[in-house]
Amino acid sequence: MRDIWDSFVSFFTSLRVTVVLLALSIILIFVATLDQVNLGIWAVQEKYFRSFFVFWKVNGFPVPVFPGGYFIGGLLLINLVASHFYHFRLTWKKSGILLTHAGLIVLLVGELLTGLWQEDYQLRLDEGQTRNYSEHFRDNELAVIDATDPKWDHVVAIPEKRLRNGHAIQHERLPFRIVTRAYYENAAVQMREELGNTAAPPPASRDIGSRLAIIPLPVTYKQDERNLPAAVIELLGPGNASLGTWVVSTMLVEPQTFDYEGRTWRLAMRFARTYKPYSLTLLKFSHDRYMGTAIPKNFASRVRLHSEDGTTDREVLIYMNNPLRHDGLTFYQAGFANNDKTTILQVVRNPSWLLPYIACLMMGVGLVIQFGIHLFAFVSKRRATV
Amino acid sequence: MKRLVPFLFLVLGALILASPLLRKQESVFDIEAFGRIPVVANGRTKPLDSVARNSLLLLQGRQRIVTPDGASLAPAEWLLDVFFRPELADTYKHFEIVHPGVLDVLGLTPADGDGNKRFAYLQLVEKLEEIDRQAELAAGVDAPVRTSYQRAVLNLRDHVILYQQLKHSLVVPDGSDFLGDLLRLQDNLAASVEAIRNRAAGKEADAELATFTMGMGSKFLRMEQIGNLLVIPPAAGSEGSTWTKAGQALLGTFQHGSINVHALTFAGLQHTWKDQQPEHFNTLLAKQRSELERSYPSILKKTDIETRFNQAAPFFTSIYLYVLAFIFAAFSWLKWPEPLQRSAFNLVLLAWIATTVGIAVRMWLEGRPPVTNLYSSALFVGWGSVGLCLILERIFRNGIGSVAAGLTGFCTLLIAHHLSLSGDTLEMMRAVLDSNFWLATHVVVITIGYAATYLAGFLAIIYVCRGVLTRSLDKATADALTRMVYGTICFATLFSLIGTILGGIWADQSWGRFWGWDPKENGALIIVIWNAIILHVRWGGIARTRGIMALAIFGNIVTSWSWFGTNMLGVGLHSYGFMDQAFIALVAFVATQLALLALAYVPRHMWRSAPVMK
């Protein structure tokens with residue numbers, strides 16, 4: 001038993017394992033970089049880095065062909081921690097190496113936390129427009145809105161994931177259940193008349209769904225495109241009495257309205273929203289170009305930040321390399337649209353954003369100490385021989 | 001003798017560096033003064049001299065231009081002919097076309113061209129529509145998947161357009177007496193406008209004058225639409241207004257009631273250049289200069305220095321010095337070590353100072369840190385690695401530092417030269433990258449990391465070549481080289497690691513993510529990991545000297561992939577410099593490095609230095 005443990009330890013603390021893992025990580029990163037041309041950056045991250053194994057499809061079956069980012073990274077972390085744990089000796093000569101590797105641990109852990117915690121949103125604002133919510137980059141939701149009271153909307157937002165897995169959805173605020181009859185991860189919707197395909201049965205019975213056709217599209221992984229999901233849903237009242245079926249899609253801008261038991265309801269598939277206790281108003285968007293060219297010189301959004309509790313009410317200028325940090329969120333200038341009248345801000349929540357800064361400092365100081373000791377020894381040795 | 005030889009080579013090197021500046025202009029026309037005229041192109045104020053040089057590089061890949069009569073022209077002189085004597089410029093062979101498919105479309109053979117590849121506008125003029133049609137077809141294909149023919153034909157169209165734009169930038173290139181016409185318009189402006197109004201209203205009008213005025217208007221419009229240089233400075237004292245095209249300023253004649261004085265000067269220059277009247281030409285230039293000096297002294301200071309800088313071409317002349325230094329230092333291992341090594345060191349030092357000044361001037365002109373694009377990164381990689389070599393040579397005094405300096409200095413300046421063929425190297429920064437703080441920290445640090453990784457690789461190459469091919473790698477030299485490689489890799493690890501992390505921090509500041517797995521980021525990370533592998537292998541005793549040398553040589557491939565290979569993928573935030581031909585060069589470089597790796601693994605007893613290494 002003791003022997004097994006010892007060989008276990010000596011394996012995980014071995015420098016050879018470190019070198020092999022580092023070499024494997026180089027191959028992984030290299031192949032992943034090449035594959036970006038085909039897959040785009042998001043899919044590459046999922047396939048190569050946020051996975052334990054990289055799978056290739058052989059005759060339609062996924063076969064693991066290479067260790068993934070979590071696998072290599074995890075083993076490296078174990079290797080790193082174990083060897084320091086077992087060979088730990090605090091001497092001046094080792095202090096640089098220790099500090100560097102401690103910094104590396106902070107960096108790796110920071111990246112892991114970022115992968116787990118970071119949330120990306122988008123905020124589109126037309127000039128003069130005010131919004132107190134941002135929209136998710138890739139996630140969507142089905143909003144079921146009780147709009148009976150003209151002053152208030154009660155919204156039940158159902159994440160896309162729940163629709164996809166097809167189970168009936170029940171919610172205390174809803175007098176009906178929602179069942180997904182068909183789900184498309186990426187699809188276009190078009191009027192049936194335009195397609196000239198009126199013979200096929202309509203996908204849904206209620207509202208605009210009876211006049212639409214759903215055209216499934218391949219899932220996109222491109223960085224500048226997003227998937228537009230569509231679904232056919234059925235609402236079931238008590239005793240499974242059907243209220244009818246609807247087509248919901250992020251391509252349909254207007255919510256679909258219906259009345260049920262004296263209350264007015266709206267249905268809308270939309271980009272997932274998060275609401276904030278404050279709002280942003282776009283005062284002015286400016287897009288400067290260099291004289292006589294189309295080369296962009298600067299994008300800047302002048303916005304007013306107003307919090308509901310009345311403690312904040314100020315103007316902010318967000319431009320390239322100068323984001324607004326507020327309430328744990330960071331607002332970056334990401335793009336523009338609509339003839340320079342609309343700004344697109346990227347909103348990121350990343351609670352572990354400070355860790356890379358600390359890691360950088362630790363590793364920098366560590367390496368300087370380490371190599372400084374070498375250099376000092378080398379120079380004094382040369383002095384002695386000359 | 002030992003002291004004299006290095007000193008003599010120091011003087012020789014200085015003469016080589018100064019030679020471009022010592023050349024006197026031969027023409028009676030003040031071509032230099034013409035080259036110093038400031039204009040705005042690609043968003044930047046620059047002298048016409050730079051416009052001429054960049055255009056020539058774009059059109060034909062070199063600055064030298066020879067007329068059909070065999071006369072050699074200065075770039076600014078060539079530009080004068082393009083502006084003012086287009087009928088002559090149309091016969092100059094300055095369009096480089098090498099793709100056989102494109103030549104077929106044009107009905108030309110290599111033999112029709114100068115040097116089998118350069119053709120004149122007159123040889124293309126009948127096929128312009130076909131060029132345009134072919135280019136339209138090619139433009140419909142996504143850039144990354146275009147064939148070499150499609151890229152070549154699009155290139156040719158861009159070049160023809162550039163040539164036309166230049167021709168329309170100062171005057172209208174239709175062979176008419178533009179100055180005479182402008183003066184006539186000036187004298188009869190009120191009557192001219194009147195004549196057009198009357199004719200439009202159906203009243204009695206001076207038909208000839210109305211037609212003339214309409215004709216001038218359409219000429220101005222053509223200049224405004226086709227010309228690309230902004231050559232008319234804003235009127236003195238008018239805040240916030242920008243430079244304009246000559247055509248735009250001339251169209252303003254009908255509003256302001258007078259012809260813009262700068263536009264008139266250009267017409268005057270055309271007249272005097274056409275009729276070859278040097279005194280009038282020079283007087284006009286001097287007058288325009290004193291006019292500009294009153295309002296724009298700071299702009300003139302910049303454009304004057306840039307013109308001098310263009311002439312001095314410090315990066316180009318330094319190439320010679322690096323080659324000389326390399327030869328001397330390498331030869332020193334066979335004979336006369338002392339004087340040759342000192343001479344080589346002097347030459348390297350001289351070239352390094354010249355490139356330092358060159359980089360400093362570029363920084364001053366741009367108001368930016370040293371590295372802003374791929375071209376300047378090549379300069380800076382060379383500068384950094386030669387700087388490290390100078391330190392190594394000072395410490396070890398064995399010629400190795402100078403050989404490595406000559407090699408890396410030569411290679412990087414050659415790369416820079418080829419990168420400069422794609423246009424103005426002092427580009428304006430795109431908004432995303434517009435941050436002097438991060439350019440000064442992340443980009444500089446990571447570029448030094450590249451430089452050091454390359455240097456380690458080249459030192460390893462010296463080890464292998466000397467060991468296998470010569471008898472000069474004795475034990476002391478081998479030990480010294482091992483130490484140099486190790487020290488350089490330590491340095492490279494430090495800088496590439498810190499540079500990479502700083503890049504992540506910049507990304508966090510700008511886009512809200514520390515790490516995005518962008519190709520360039522991945523490339524930098526691979527360099528860091530590679531250097532880390534070398535260090536761990538050494539510390540763990542997993543590989544011995546030869547293994548370390550082989551790993552360091554492979555580091556050259558890794559670094560080249562990160563530096564250039566990632567840009568060729570055409571994806572990601574860093575793909576600002578997409579290159580085609582460079583791909584072949586990269587593959588060739590990788591092949592040579594693999595060959596050197598094979599050389600490193602020639603069995604020990606077959607190394608020619610084997611007897612002296614024990």
# chains A, B, ... in the order shown; residues from 1 in each chain; ligands from 1

$ closest_atom_pairs --of "segment 471-541 of chain B" --to "segment 16-27 of chain A" --cutoff "12 Å" --atoms "only C-alpha atoms" --output "JSON lines"
{"residue": "B:Asn522", "atom": "CA", "partner": "A:Ile26", "partner_atom": "CA", "distance": 9.1}
{"residue": "B:Gly523", "atom": "CA", "partner": "A:Ile26", "partner_atom": "CA", "distance": 9.4}
{"residue": "B:Ala524", "atom": "CA", "partner": "A:Ile26", "partner_atom": "CA", "distance": 10.9}
{"residue": "B:Leu525", "atom": "CA", "partner": "A:Ile26", "partner_atom": "CA", "distance": 8.5}
{"residue": "B:Ile526", "atom": "CA", "partner": "A:Ile26", "partner_atom": "CA", "distance": 5.8}
{"residue": "B:Ile527", "atom": "CA", "partner": "A:Ile26", "partner_atom": "CA", "distance": 9.0}
{"residue": "B:Val528", "atom": "CA", "partner": "A:Ile26", "partner_atom": "CA", "distance": 9.9}
{"residue": "B:Ile529", "atom": "CA", "partner": "A:Leu22", "partner_atom": "CA", "distance": 6.5}
{"residue": "B:Trp530", "atom": "CA", "partner": "A:Ile26", "partner_atom": "CA", "distance": 7.7}
{"residue": "B:Asn531", "atom": "CA", "partner": "A:Leu22", "partner_atom": "CA", "distance": 10.3}
{"residue": "B:Ala532", "atom": "CA", "partner": "A:Leu22", "partner_atom": "CA", "distance": 8.3}
{"residue": "B:Ile533", "atom": "CA", "partner": "A:Val19", "partner_atom": "CA", "distance": 5.8}
{"residue": "B:Ile534", "atom": "CA", "partner": "A:Val19", "partner_atom": "CA", "distance": 8.7}
{"residue": "B:Leu535", "atom": "CA", "partner": "A:Val19", "partner_atom": "CA", "distance": 9.7}
{"residue": "B:His536", "atom": "CA", "partner": "A:Val19", "partner_atom": "CA", "distance": 6.9}
{"residue": "B:Val537", "atom": "CA", "partner": "A:Val19", "partner_atom": "CA", "distance": 7.0}
{"residue": "B:Arg538", "atom": "CA", "partner": "A:Val19", "partner_atom": "CA", "distance": 10.6}
{"residue": "B:Trp539", "atom": "CA", "partner": "A:Arg16", "partner_atom": "CA", "distance": 10.8}
{"residue": "B:Gly540", "atom": "CA", "partner": "A:Arg16", "partner_atom": "CA", "distance": 7.7}
{"residue": "B:Gly541", "atom": "CA", "partner": "A:Arg16", "partner_atom": "CA", "distance": 9.7}

$ write_last_selection --atoms "C-alpha atoms" --output "JSON list (two decimals), in the first residue's frame"
[["chain", "number", "residue", "atom", "x", "y", "z"],
["B", 522, "ASN", "CA", -2.66, 31.60, -28.05],
["B", 523, "GLY", "CA", 0.56, 32.16, -30.00],
["B", 524, "ALA", "CA", 2.03, 34.24, -27.18],
["B", 525, "LEU", "CA", 0.95, 31.61, -24.65],
["B", 526, "ILE", "CA", 2.63, 28.87, -26.67],
["B", 527, "ILE", "CA", 5.91, 30.83, -26.59],
["B", 528, "VAL", "CA", 5.65, 31.16, -22.80],
["B", 529, "ILE", "CA", 4.93, 27.46, -22.36],
["B", 530, "TRP", "CA", 7.72, 26.52, -24.76],
["B", 531, "ASN", "CA", 10.26, 28.57, -22.81],
["B", 532, "ALA", "CA", 8.92, 27.09, -19.59],
["B", 533, "ILE", "CA", 9.44, 23.60, -21.02],
["B", 534, "ILE", "CA", 13.07, 24.39, -21.84],
["B", 535, "LEU", "CA", 13.71, 25.68, -18.35],
["B", 536, "HIS", "CA", 12.02, 22.70, -16.64],
["B", 537, "VAL", "CA", 13.83, 20.24, -18.87],
["B", 538, "ARG", "CA", 17.12, 21.83, -17.90],
["B", 539, "TRP", "CA", 16.36, 22.06, -14.20],
["B", 540, "GLY", "CA", 15.14, 18.48, -14.12],
["B", 541, "GLY", "CA", 18.16, 17.24, -16.04]]

$ interface_residues --of "chain A" --to "chain B" --cutoff "6 Å" --atoms "only C-alpha atoms" --output "list of chain:residue names"
A:Val19, A:Ile26, A:Thr33, A:Tyr290, A:Met291, A:Gly292, A:Thr293, A:Pro296, A:Lys297, A:Asn298, A:Asn321

$ residues_around --residues "Glu194 of chain A" --least-positions-apart "4" --cutoff "12 Å" --atoms "only C-alpha atoms" --output "PDB file with C-alpha atoms, in the first residue's frame"
ATOM      1  CA  VAL A 189     -39.719  32.371 -39.494  1.00  0.00           C
ATOM      2  CA  GLN A 190     -41.444  33.613 -42.635  1.00  0.00           C
ATOM      3  CA  THR A 198     -49.869  27.144 -48.156  1.00  0.00           C
ATOM      4  CA  ARG A 211     -49.695  32.074 -40.994  1.00  0.00           C
ATOM      5  CA  LEU A 212     -46.008  31.304 -40.442  1.00  0.00           C
ATOM      6  CA  ALA A 213     -43.547  28.720 -41.607  1.00  0.00           C
TER       7      ALA A 213
END

$ select_by_dssp --residues "segment 10-226 of chain A" --states "helix (DSSP H, G or I)" --output "NGL selection string"
:A and (10-12 or 15-39 or 41-49 or 69-86 or 92-117 or 160-164 or 192-195 or 207-211)

$ closest_residue --among "B:Phe396, B:Phe9, B:Phe554, B:Trp563" --to "Ala480 of chain B" --atoms "only C-alpha atoms"
B:Phe396

$ closest_residue --among "A:Leu80, A:Leu236, A:Ala168, A:Val247" --to "Ser205 of chain A" --atoms "only C-alpha atoms"
A:Val247

$ residues_around --residues "Ala598 of chain B" --least-positions-apart "6" --cutoff "12 Å" --atoms "only C-alpha atoms" --output "number ranges by chain"
B: 461, 464-465, 468, 546-547, 549-551, 553-554, 591-592

$ residues_around --residues "Ser295 of chain B" --least-positions-apart "4" --cutoff "10 Å" --atoms "only C-alpha atoms" --output "number ranges by chain"
B: 233-237, 290-291, 299-300

$ write_last_selection --atoms "N, CA and C atoms" --output "PDB file, in the first residue's frame"
ATOM      1  N   PRO B 233      -4.391  73.095 -47.317  1.00  0.00           N
ATOM      2  CA  PRO B 233      -4.527  73.278 -45.865  1.00  0.00           C
ATOM      3  C   PRO B 233      -5.690  74.211 -45.560  1.00  0.00           C
ATOM      4  N   PRO B 234      -6.285  74.060 -44.368  1.00  0.00           N
ATOM      5  CA  PRO B 234      -7.369  74.972 -44.014  1.00  0.00           C
ATOM      6  C   PRO B 234      -6.841  76.405 -43.936  1.00  0.00           C
ATOM      7  N   ALA B 235      -7.691  77.371 -44.267  1.00  0.00           N
ATOM      8  CA  ALA B 235      -7.264  78.767 -44.225  1.00  0.00           C
ATOM      9  C   ALA B 235      -6.787  79.099 -42.820  1.00  0.00           C
ATOM     10  N   ALA B 236      -5.731  79.895 -42.730  1.00  0.00           N
ATOM     11  CA  ALA B 236      -5.150  80.221 -41.431  1.00  0.00           C
ATOM     12  C   ALA B 236      -6.215  80.813 -40.520  1.00  0.00           C
ATOM     13  N   GLY B 237      -6.203  80.382 -39.272  1.00  0.00           N
ATOM     14  CA  GLY B 237      -7.110  80.957 -38.285  1.00  0.00           C
ATOM     15  C   GLY B 237      -8.488  80.336 -38.268  1.00  0.00           C
ATOM     16  N   SER B 290       7.007  79.806 -47.834  1.00  0.00           N
ATOM     17  CA  SER B 290       6.964  80.887 -46.831  1.00  0.00           C
ATOM     18  C   SER B 290       5.517  81.144 -46.390  1.00  0.00           C
ATOM     19  N   GLU B 291       4.588  80.917 -47.310  1.00  0.00           N
ATOM     20  CA  GLU B 291       3.170  81.035 -46.965  1.00  0.00           C
ATOM     21  C   GLU B 291       2.792  80.025 -45.875  1.00  0.00           C
ATOM     22  N   ILE B 299       3.819  71.615 -38.468  1.00  0.00           N
ATOM     23  CA  ILE B 299       3.607  70.572 -39.483  1.00  0.00           C
ATOM     24  C   ILE B 299       4.824  70.488 -40.388  1.00  0.00           C
ATOM     25  N   LEU B 300       5.354  71.658 -40.779  1.00  0.00           N
ATOM     26  CA  LEU B 300       6.514  71.662 -41.674  1.00  0.00           C
ATOM     27  C   LEU B 300       7.713  71.008 -41.005  1.00  0.00           C
TER      28      LEU B 300
END

$ select_by_dssp --residues "segment 146-200 of chain A" --states "strand (DSSP E or B)" --output "list in words"
Asp146, His154, Val155, Val156, Ala157, Ile158, Pro159, Ile169, Arg177, Ile178, Val179, Thr180, Arg181, Ala182, Tyr183, Tyr184, Ala187, Ala188, Val189, Gln190 and Met191 of chain A

$ atom_distance --atom1 "atom CA of Arg608 of chain B" --atom2 "atom CA of Leu334 of chain B"
14.2 Å

$ residues_around --residues "Val145 of chain B" --least-positions-apart "5" --cutoff "12 Å" --atoms "only C-alpha atoms" --output "VMD selection string"
(chain A and resid 37) or (chain B and resid 138 to 140 150 to 151 568 to 570 580)

$ atom_distance --atom1 "atom CA of Ala76 of chain B" --atom2 "atom CA of Ser50 of chain B"
8.4 Å

$ atom_distance --atom1 "atom CA of Glu208 of chain B" --atom2 "atom CA of Gln255 of chain B"
21.6 Å

$ residues_around --residues "Phe266 of chain B" --least-positions-apart "2" --cutoff "10 Å" --atoms "only C-alpha atoms" --output "PyMOL selection string"
chain B and resi 83-84+169-171+178-179+231+246+261-264+268-272+284-285+288

$ decode --residues "segment 419-433 of chain B" --atoms "N, CA and C atoms" --output "compact mmCIF listing (two decimals), in the first residue's frame"
# COMPACT_ATOMS: atom_id res chain seq x y z
N LEU B 419 7.79 43.85 -45.43
CA LEU B 419 6.50 44.30 -44.88
C LEU B 419 6.19 45.73 -45.33
N SER B 420 7.25 46.52 -45.58
CA SER B 420 7.02 47.92 -45.95
C SER B 420 6.44 48.04 -47.35
N LEU B 421 6.46 46.94 -48.12
CA LEU B 421 5.94 47.02 -49.49
C LEU B 421 4.43 47.17 -49.52
N SER B 422 3.77 46.95 -48.38
CA SER B 422 2.30 47.02 -48.42
C SER B 422 1.79 48.43 -48.13
N GLY B 423 2.66 49.43 -48.17
CA GLY B 423 2.15 50.80 -48.04
C GLY B 423 2.82 51.58 -46.94
N ASP B 424 2.17 52.67 -46.52
CA ASP B 424 2.72 53.54 -45.50
C ASP B 424 2.89 52.76 -44.20
N THR B 425 4.11 52.77 -43.66
CA THR B 425 4.33 52.03 -42.42
C THR B 425 3.99 52.84 -41.19
N LEU B 426 3.77 54.14 -41.37
CA LEU B 426 3.33 54.96 -40.24
C LEU B 426 1.82 55.09 -40.34
N GLU B 427 1.11 53.98 -40.00
CA GLU B 427 -0.34 53.99 -40.14
C GLU B 427 -0.97 54.67 -38.93
N MET B 428 -2.23 55.09 -39.12
CA MET B 428 -2.96 55.60 -37.97
C MET B 428 -3.50 54.39 -37.19
N MET B 429 -3.53 54.52 -35.87
CA MET B 429 -4.00 53.41 -35.05
C MET B 429 -5.51 53.33 -35.09
N ARG B 430 -6.03 52.14 -35.28
CA ARG B 430 -7.47 51.94 -35.18
C ARG B 430 -7.92 52.15 -33.73
N ALA B 431 -9.19 52.51 -33.61
CA ALA B 431 -9.67 52.92 -32.29
C ALA B 431 -9.42 51.85 -31.22
N VAL B 432 -9.59 50.57 -31.59
CA VAL B 432 -9.45 49.50 -30.60
C VAL B 432 -8.06 49.51 -29.97
N LEU B 433 -7.06 49.85 -30.79
CA LEU B 433 -5.69 49.75 -30.31
C LEU B 433 -5.15 51.08 -29.80
